[in-house]
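Participant: One file is attached below, final-v2.pdb, containing PDB, C-alpha atoms.
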```
ATOM      1  CA  ASN A   1      83.000 -81.748 -31.907
ATOM      2  CA  THR A   2      81.439 -80.752 -35.156
ATOM      3  CA  PRO A   3      81.339 -77.091 -36.146
ATOM      4  CA  THR A   4      77.555 -77.148 -35.740
ATOM      5  CA  SER A   5      77.700 -78.426 -32.162
ATOM      6  CA  THR A   6      80.322 -75.798 -31.377
ATOM      7  CA  LEU A   7      78.035 -73.034 -32.640
ATOM      8  CA  VAL A   8      74.934 -74.439 -30.932
ATOM      9  CA  ARG A   9      76.732 -74.665 -27.584
ATOM     10  CA  SER A  10      77.929 -71.098 -27.969
ATOM     11  CA  PHE A  11      74.347 -69.796 -27.935
ATOM     12  CA  ILE A  12      73.348 -71.384 -24.635
ATOM     13  CA  ASN A  13      73.067 -68.656 -21.988
ATOM     14  CA  ILE A  14      75.114 -66.067 -23.879
ATOM     15  CA  MET A  15      72.888 -63.053 -23.393
ATOM     16  CA  GLY A  16      74.032 -60.431 -20.917
ATOM     17  CA  ASN A  17      77.176 -58.612 -19.889
ATOM     18  CA  ARG A  18      80.577 -60.125 -20.585
ATOM     19  CA  ALA A  19      84.230 -59.244 -20.309
ATOM     20  CA  PHE A  20      86.840 -60.793 -22.589
ATOM     21  CA  LYS A  21      90.287 -61.618 -21.203
ATOM     22  CA  ALA A  22      92.913 -62.208 -23.899
ATOM     23  CA  HIS A  23      95.564 -64.927 -23.985
ATOM     24  CA  ASN A  24      98.165 -62.454 -22.684
ATOM     25  CA  GLY A  25      96.124 -61.502 -19.604
ATOM     26  CA  THR A  26      94.857 -58.169 -20.949
ATOM     27  CA  PHE A  27      91.169 -57.262 -21.209
ATOM     28  CA  LEU A  28      89.324 -56.112 -24.318
ATOM     29  CA  HIS A  29      88.124 -52.510 -23.932
ATOM     30  CA  ALA A  30      86.080 -50.075 -26.019
ATOM     31  CA  GLU A  31      86.982 -46.419 -25.640
ATOM     32  CA  GLY A  32      85.503 -43.891 -28.011
ATOM     33  CA  ASP A  33      85.635 -45.405 -31.488
ATOM     34  CA  SER A  34      88.557 -47.730 -30.704
ATOM     35  CA  LEU A  35      89.041 -51.264 -29.470
ATOM     36  CA  LEU A  36      92.127 -51.743 -27.338
ATOM     37  CA  THR A  37      93.335 -53.692 -24.330
ATOM     38  CA  HIS A  38      94.196 -52.847 -20.739
ATOM     39  CA  ASN A  39      96.038 -54.813 -18.077
ATOM     40  CA  GLU A  40      93.110 -54.399 -15.685
ATOM     41  CA  LEU A  41      89.381 -54.699 -16.219
ATOM     42  CA  HIS A  42      87.846 -51.201 -16.103
ATOM     43  CA  MET A  43      84.204 -51.588 -15.234
ATOM     44  CA  LYS A  44      82.487 -49.626 -17.962
ATOM     45  CA  HIS A  45      85.039 -49.820 -20.798
ATOM     46  CA  GLY A  46      85.593 -53.576 -20.428
ATOM     47  CA  HIS A  47      81.952 -54.677 -20.269
ATOM     48  CA  PHE A  48      80.136 -55.763 -23.421
ATOM     49  CA  HIS A  49      76.459 -56.645 -23.629
ATOM     50  CA  VAL A  50      75.883 -59.697 -25.835
ATOM     51  CA  GLU A  51      72.747 -59.254 -27.960
ATOM     52  CA  GLN A  52      71.391 -62.165 -29.950
ATOM     53  CA  HIS A  53      70.409 -61.463 -33.559
ATOM     54  CA  GLY A  54      69.226 -64.718 -35.160
ATOM     55  CA  ASP A  55      72.153 -67.141 -35.206
ATOM     56  CA  LYS A  56      74.676 -64.359 -34.535
ATOM     57  CA  VAL A  57      75.404 -61.879 -31.770
ATOM     58  CA  ALA A  58      76.307 -58.215 -31.505
ATOM     59  CA  LEU A  59      78.654 -56.881 -28.802
ATOM     60  CA  ARG A  60      77.259 -53.593 -27.487
ATOM     61  CA  THR A  61      79.623 -51.333 -25.545
ATOM     62  CA  HIS A  62      78.765 -49.398 -22.394
ATOM     63  CA  HIS A  63      78.262 -46.243 -24.484
ATOM     64  CA  GLN A  64      75.684 -47.928 -26.772
ATOM     65  CA  LYS A  65      78.038 -48.485 -29.713
ATOM     66  CA  TYR A  66      78.926 -51.826 -31.332
ATOM     67  CA  VAL A  67      82.119 -53.789 -31.898
ATOM     68  CA  ALA A  68      82.679 -54.275 -35.646
ATOM     69  CA  ILE A  69      85.189 -55.571 -38.199
ATOM     70  CA  ASN A  70      85.139 -53.769 -41.532
ATOM     71  CA  GLY A  71      85.622 -55.348 -44.973
ATOM     72  CA  ALA A  72      89.345 -54.568 -44.897
ATOM     73  CA  GLY A  73      89.690 -56.534 -41.656
ATOM     74  CA  HIS A  74      90.070 -53.635 -39.231
ATOM     75  CA  PRO A  75      88.213 -53.778 -35.911
ATOM     76  CA  TYR A  76      86.454 -50.605 -34.793
ATOM     77  CA  VAL A  77      83.535 -49.388 -32.708
ATOM     78  CA  ALA A  78      80.460 -48.544 -34.812
ATOM     79  CA  HIS A  79      78.057 -45.813 -33.721
ATOM     80  CA  ASN A  80      75.018 -47.994 -34.450
ATOM     81  CA  ARG A  81      73.870 -51.165 -36.191
ATOM     82  CA  ASP A  82      71.842 -49.316 -38.861
ATOM     83  CA  GLY A  83      72.753 -48.859 -42.482
ATOM     84  CA  HIS A  84      74.452 -51.001 -45.079
ATOM     85  CA  HIS A  85      77.382 -51.922 -42.798
ATOM     86  CA  HIS A  86      75.244 -53.541 -40.064
ATOM     87  CA  HIS A  87      76.668 -56.993 -40.959
ATOM     88  CA  GLU A  88      80.090 -55.769 -39.725
ATOM     89  CA  THR A  89      78.658 -55.726 -36.175
ATOM     90  CA  LEU A  90      77.511 -59.373 -36.191
ATOM     91  CA  PHE A  91      79.635 -62.210 -34.801
ATOM     92  CA  HIS A  92      79.676 -65.875 -33.937
ATOM     93  CA  LEU A  93      81.020 -66.711 -30.478
ATOM     94  CA  GLU A  94      82.816 -70.022 -30.984
ATOM     95  CA  HIS A  95      83.937 -72.112 -28.022
ATOM     96  CA  HIS A  96      87.171 -74.031 -28.598
ATOM     97  CA  GLY A  97      88.997 -75.895 -25.832
ATOM     98  CA  GLY A  98      87.823 -73.689 -22.959
ATOM     99  CA  HIS A  99      88.274 -70.437 -24.882
ATOM    100  CA  VAL A 100      85.885 -68.313 -26.874
ATOM    101  CA  CYS A 101      86.802 -66.941 -30.308
ATOM    102  CA  VAL A 102      84.892 -64.003 -31.813
ATOM    103  CA  ARG A 103      84.396 -64.591 -35.554
ATOM    104  CA  GLY A 104      83.188 -61.714 -37.685
ATOM    105  CA  HIS A 105      81.084 -61.591 -40.831
ATOM    106  CA  HIS A 106      84.080 -61.958 -43.176
ATOM    107  CA  GLY A 107      85.437 -65.013 -41.328
ATOM    108  CA  ARG A 108      88.122 -63.077 -39.473
ATOM    109  CA  TYR A 109      88.570 -63.413 -35.721
ATOM    110  CA  LEU A 110      89.197 -60.626 -33.225
ATOM    111  CA  ALA A 111      92.795 -60.997 -32.073
ATOM    112  CA  VAL A 112      95.009 -59.353 -29.464
ATOM    113  CA  HIS A 113      98.606 -58.594 -30.388
ATOM    114  CA  GLY A 114     100.372 -56.994 -27.416
ATOM    115  CA  HIS A 115      98.115 -54.098 -26.432
ATOM    116  CA  SER A 116      96.467 -53.670 -29.818
ATOM    117  CA  VAL A 117      93.394 -55.366 -31.235
ATOM    118  CA  GLY A 118      93.436 -56.687 -34.773
ATOM    119  CA  VAL A 119      92.160 -59.723 -36.631
ATOM    120  CA  HIS A 120      93.457 -63.154 -37.548
ATOM    121  CA  HIS A 121      92.095 -65.665 -40.058
ATOM    122  CA  ASP A 122      92.506 -68.788 -37.871
ATOM    123  CA  HIS A 123      90.823 -69.605 -34.541
ATOM    124  CA  HIS A 124      93.730 -71.946 -33.730
ATOM    125  CA  HIS A 125      96.043 -68.947 -33.321
ATOM    126  CA  GLU A 126      96.621 -68.021 -29.659
ATOM    127  CA  SER A 127      95.887 -64.342 -30.301
ATOM    128  CA  THR A 128      92.219 -65.163 -31.013
ATOM    129  CA  HIS A 129      91.606 -66.928 -27.678
ATOM    130  CA  PHE A 130      89.611 -65.139 -24.986
ATOM    131  CA  HIS A 131      88.281 -66.177 -21.615
ATOM    132  CA  GLU A 132      84.648 -65.082 -21.458
ATOM    133  CA  LEU A 133      83.735 -63.693 -18.034
ATOM    134  CA  ILE A 134      80.181 -63.029 -16.871
ATOM    135  CA  VAL A 135      80.088 -59.538 -15.310
TER
END
```
Here is a file; write its structure as structure tokens.

Facilitator:
Amino acid sequence: NTPTSTLVRSFINIMGNRAFKAHNGTFLHAEGDSLLTHNELHMKHGHFHVEQHGDKVALRTHHQKYVAINGAGHPYVAHNRDGHHHHETLFHLEHHGGHVCVRGHHGRYLAVHGHSVGVHHDHHHESTHFHELIV
């Protein structure tokens, strides 16, 4: 697979609601302004609507906010996609070996470490692997 074919495949039928199950069996959740994980999938907090924006996507939470990674590499939930930080809310969904990796604007990947959500610089690292579930 070339990187281009990986990215092209990732945009086939990606629109709609998704849940992301981490390598350790926990689910990505958005609560308030924070990204965290839970052992069980909670319907509203664990659902993300994938919105296509050109060759990238935004992950909208159930409360109409957006998953983001800031310039310092910290994931957070942004109140909107407006303003000069809108690029922090755009991602590539990359499919690697049956998993999806969520790569942010600065090249960092969302990663789960225990029950906290951070970033990692390499999609080969287990912490960046998610199972993408259609919900």

Participant: Report, in Å to a single decimal, how far apart atom CA of Glu31 of chain A and atom CA of Asp55 of chain A are.

Facilitator: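 Taking atom CA of Asp55 of chain A as the start and atom CA of Glu31 of chain A as the end point, the length is 27.2 Å.
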
Participant: List as number ranges by chain: which residues have an atom within 7 Å of (89.6, -61.4, -35.7), counting only C-alpha atoms?

Facilitator: A: 102-104, 108-111, 118-121, 128

Participant: Save the residues we just selected, C-alpha atoms, as an mmCIF file, keeping the file's coordinate frame?

Facilitator:
```cif
data_model
loop_
_atom_site.group_PDB
_atom_site.id
_atom_site.type_symbol
_atom_site.label_atom_id
_atom_site.label_comp_id
_atom_site.auth_asym_id
_atom_site.auth_seq_id
_atom_site.Cartn_x
_atom_site.Cartn_y
_atom_site.Cartn_z
ATOM 1 C CA VAL A 102 84.892 -64.003 -31.813
ATOM 2 C CA ARG A 103 84.396 -64.591 -35.554
ATOM 3 C CA GLY A 104 83.188 -61.714 -37.685
ATOM 4 C CA ARG A 108 88.122 -63.077 -39.473
ATOM 5 C CA TYR A 109 88.570 -63.413 -35.721
ATOM 6 C CA LEU A 110 89.197 -60.626 -33.225
ATOM 7 C CA ALA A 111 92.795 -60.997 -32.073
ATOM 8 C CA GLY A 118 93.436 -56.687 -34.773
ATOM 9 C CA VAL A 119 92.160 -59.723 -36.631
ATOM 10 C CA HIS A 120 93.457 -63.154 -37.548
ATOM 11 C CA HIS A 121 92.095 -65.665 -40.058
ATOM 12 C CA THR A 128 92.219 -65.163 -31.013
#
```

Participant: Evaluate the PyMOL selection byres ((chain A and resi 86-98) around 7) and record the selected residues as a VMD selection string, following the chain and residue labels used in the document.

Facilitator: chain A and resid 6 to 7 10 56 to 58 66 to 70 81 to 85 99 to 105

Participant: Next, dump the selected residues to file, keeping only C-alpha atoms, as an mmCIF file, in the frame of the given file.

Facilitator:
```
data_model
loop_
_atom_site.group_PDB
_atom_site.id
_atom_site.type_symbol
_atom_site.label_atom_id
_atom_site.label_comp_id
_atom_site.auth_asym_id
_atom_site.auth_seq_id
_atom_site.Cartn_x
_atom_site.Cartn_y
_atom_site.Cartn_z
ATOM 1 C CA THR A 6 80.322 -75.798 -31.377
ATOM 2 C CA LEU A 7 78.035 -73.034 -32.640
ATOM 3 C CA SER A 10 77.929 -71.098 -27.969
ATOM 4 C CA LYS A 56 74.676 -64.359 -34.535
ATOM 5 C CA VAL A 57 75.404 -61.879 -31.770
ATOM 6 C CA ALA A 58 76.307 -58.215 -31.505
ATOM 7 C CA TYR A 66 78.926 -51.826 -31.332
ATOM 8 C CA VAL A 67 82.119 -53.789 -31.898
ATOM 9 C CA ALA A 68 82.679 -54.275 -35.646
ATOM 10 C CA ILE A 69 85.189 -55.571 -38.199
ATOM 11 C CA ASN A 70 85.139 -53.769 -41.532
ATOM 12 C CA ARG A 81 73.870 -51.165 -36.191
ATOM 13 C CA ASP A 82 71.842 -49.316 -38.861
ATOM 14 C CA GLY A 83 72.753 -48.859 -42.482
ATOM 15 C CA HIS A 84 74.452 -51.001 -45.079
ATOM 16 C CA HIS A 85 77.382 -51.922 -42.798
ATOM 17 C CA HIS A 99 88.274 -70.437 -24.882
ATOM 18 C CA VAL A 100 85.885 -68.313 -26.874
ATOM 19 C CA CYS A 101 86.802 -66.941 -30.308
ATOM 20 C CA VAL A 102 84.892 -64.003 -31.813
ATOM 21 C CA ARG A 103 84.396 -64.591 -35.554
ATOM 22 C CA GLY A 104 83.188 -61.714 -37.685
ATOM 23 C CA HIS A 105 81.084 -61.591 -40.831
#
```

Participant: Which residues match the PyMOL selection byres ((chain A and resi 49) around 9) in the file above, as JSON, numbers by chain?

Facilitator: {"A": [15, 16, 17, 18, 19, 47, 48, 50, 51, 58, 59, 60, 61, 62]}

Participant: With C-alpha atoms kept, could you save the residues just selected as a PDB file, in the coordinates of the input?

Facilitator:
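Output contents, as saved in result_8.pdb:
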```
ATOM      1  CA  MET A  15      72.888 -63.053 -23.393  1.00  0.00           C
ATOM      2  CA  GLY A  16      74.032 -60.431 -20.917  1.00  0.00           C
ATOM      3  CA  ASN A  17      77.176 -58.612 -19.889  1.00  0.00           C
ATOM      4  CA  ARG A  18      80.577 -60.125 -20.585  1.00  0.00           C
ATOM      5  CA  ALA A  19      84.230 -59.244 -20.309  1.00  0.00           C
ATOM      6  CA  HIS A  47      81.952 -54.677 -20.269  1.00  0.00           C
ATOM      7  CA  PHE A  48      80.136 -55.763 -23.421  1.00  0.00           C
ATOM      8  CA  VAL A  50      75.883 -59.697 -25.835  1.00  0.00           C
ATOM      9  CA  GLU A  51      72.747 -59.254 -27.960  1.00  0.00           C
ATOM     10  CA  ALA A  58      76.307 -58.215 -31.505  1.00  0.00           C
ATOM     11  CA  LEU A  59      78.654 -56.881 -28.802  1.00  0.00           C
ATOM     12  CA  ARG A  60      77.259 -53.593 -27.487  1.00  0.00           C
ATOM     13  CA  THR A  61      79.623 -51.333 -25.545  1.00  0.00           C
ATOM     14  CA  HIS A  62      78.765 -49.398 -22.394  1.00  0.00           C
TER      15      HIS A  62
END
```

Participant: How far is it from atom CA of Asp33 of chain A to atom CA of His45 of chain A, in Å with one decimal?

Facilitator: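 Separation between atom CA of Asp33 of chain A and atom CA of His45 of chain A: 11.6 Å.
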
Participant: Considering only C-alpha atoms, state which residue in the set A:Leu36, A:His53, A:Gly107, A:Met43 is at the smallest distance from Pro75 of chain A.

Facilitator: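 Comparing A:Leu36, A:His53, A:Gly107, A:Met43 against Pro75 of chain A, the winner is A:Leu36.
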
Participant: Tell me which residues the PyMOL selection byres ((chain A and resi 116) around 8) grabs here, as a list in words.

Facilitator: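 Against this file, the PyMOL selection byres ((chain A and resi 116) around 8) returns the residues Leu35, Leu36, Thr37, Val112, His113, Gly114, His115, Val117 and Gly118 of chain A.
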
Participant: Interatomic distance between atom CA of His74 of chain A and atom CA of Ile134 of chain A?

Facilitator: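 We find that atom CA of His74 of chain A and atom CA of Ile134 of chain A lie 26.2 Å from each other.
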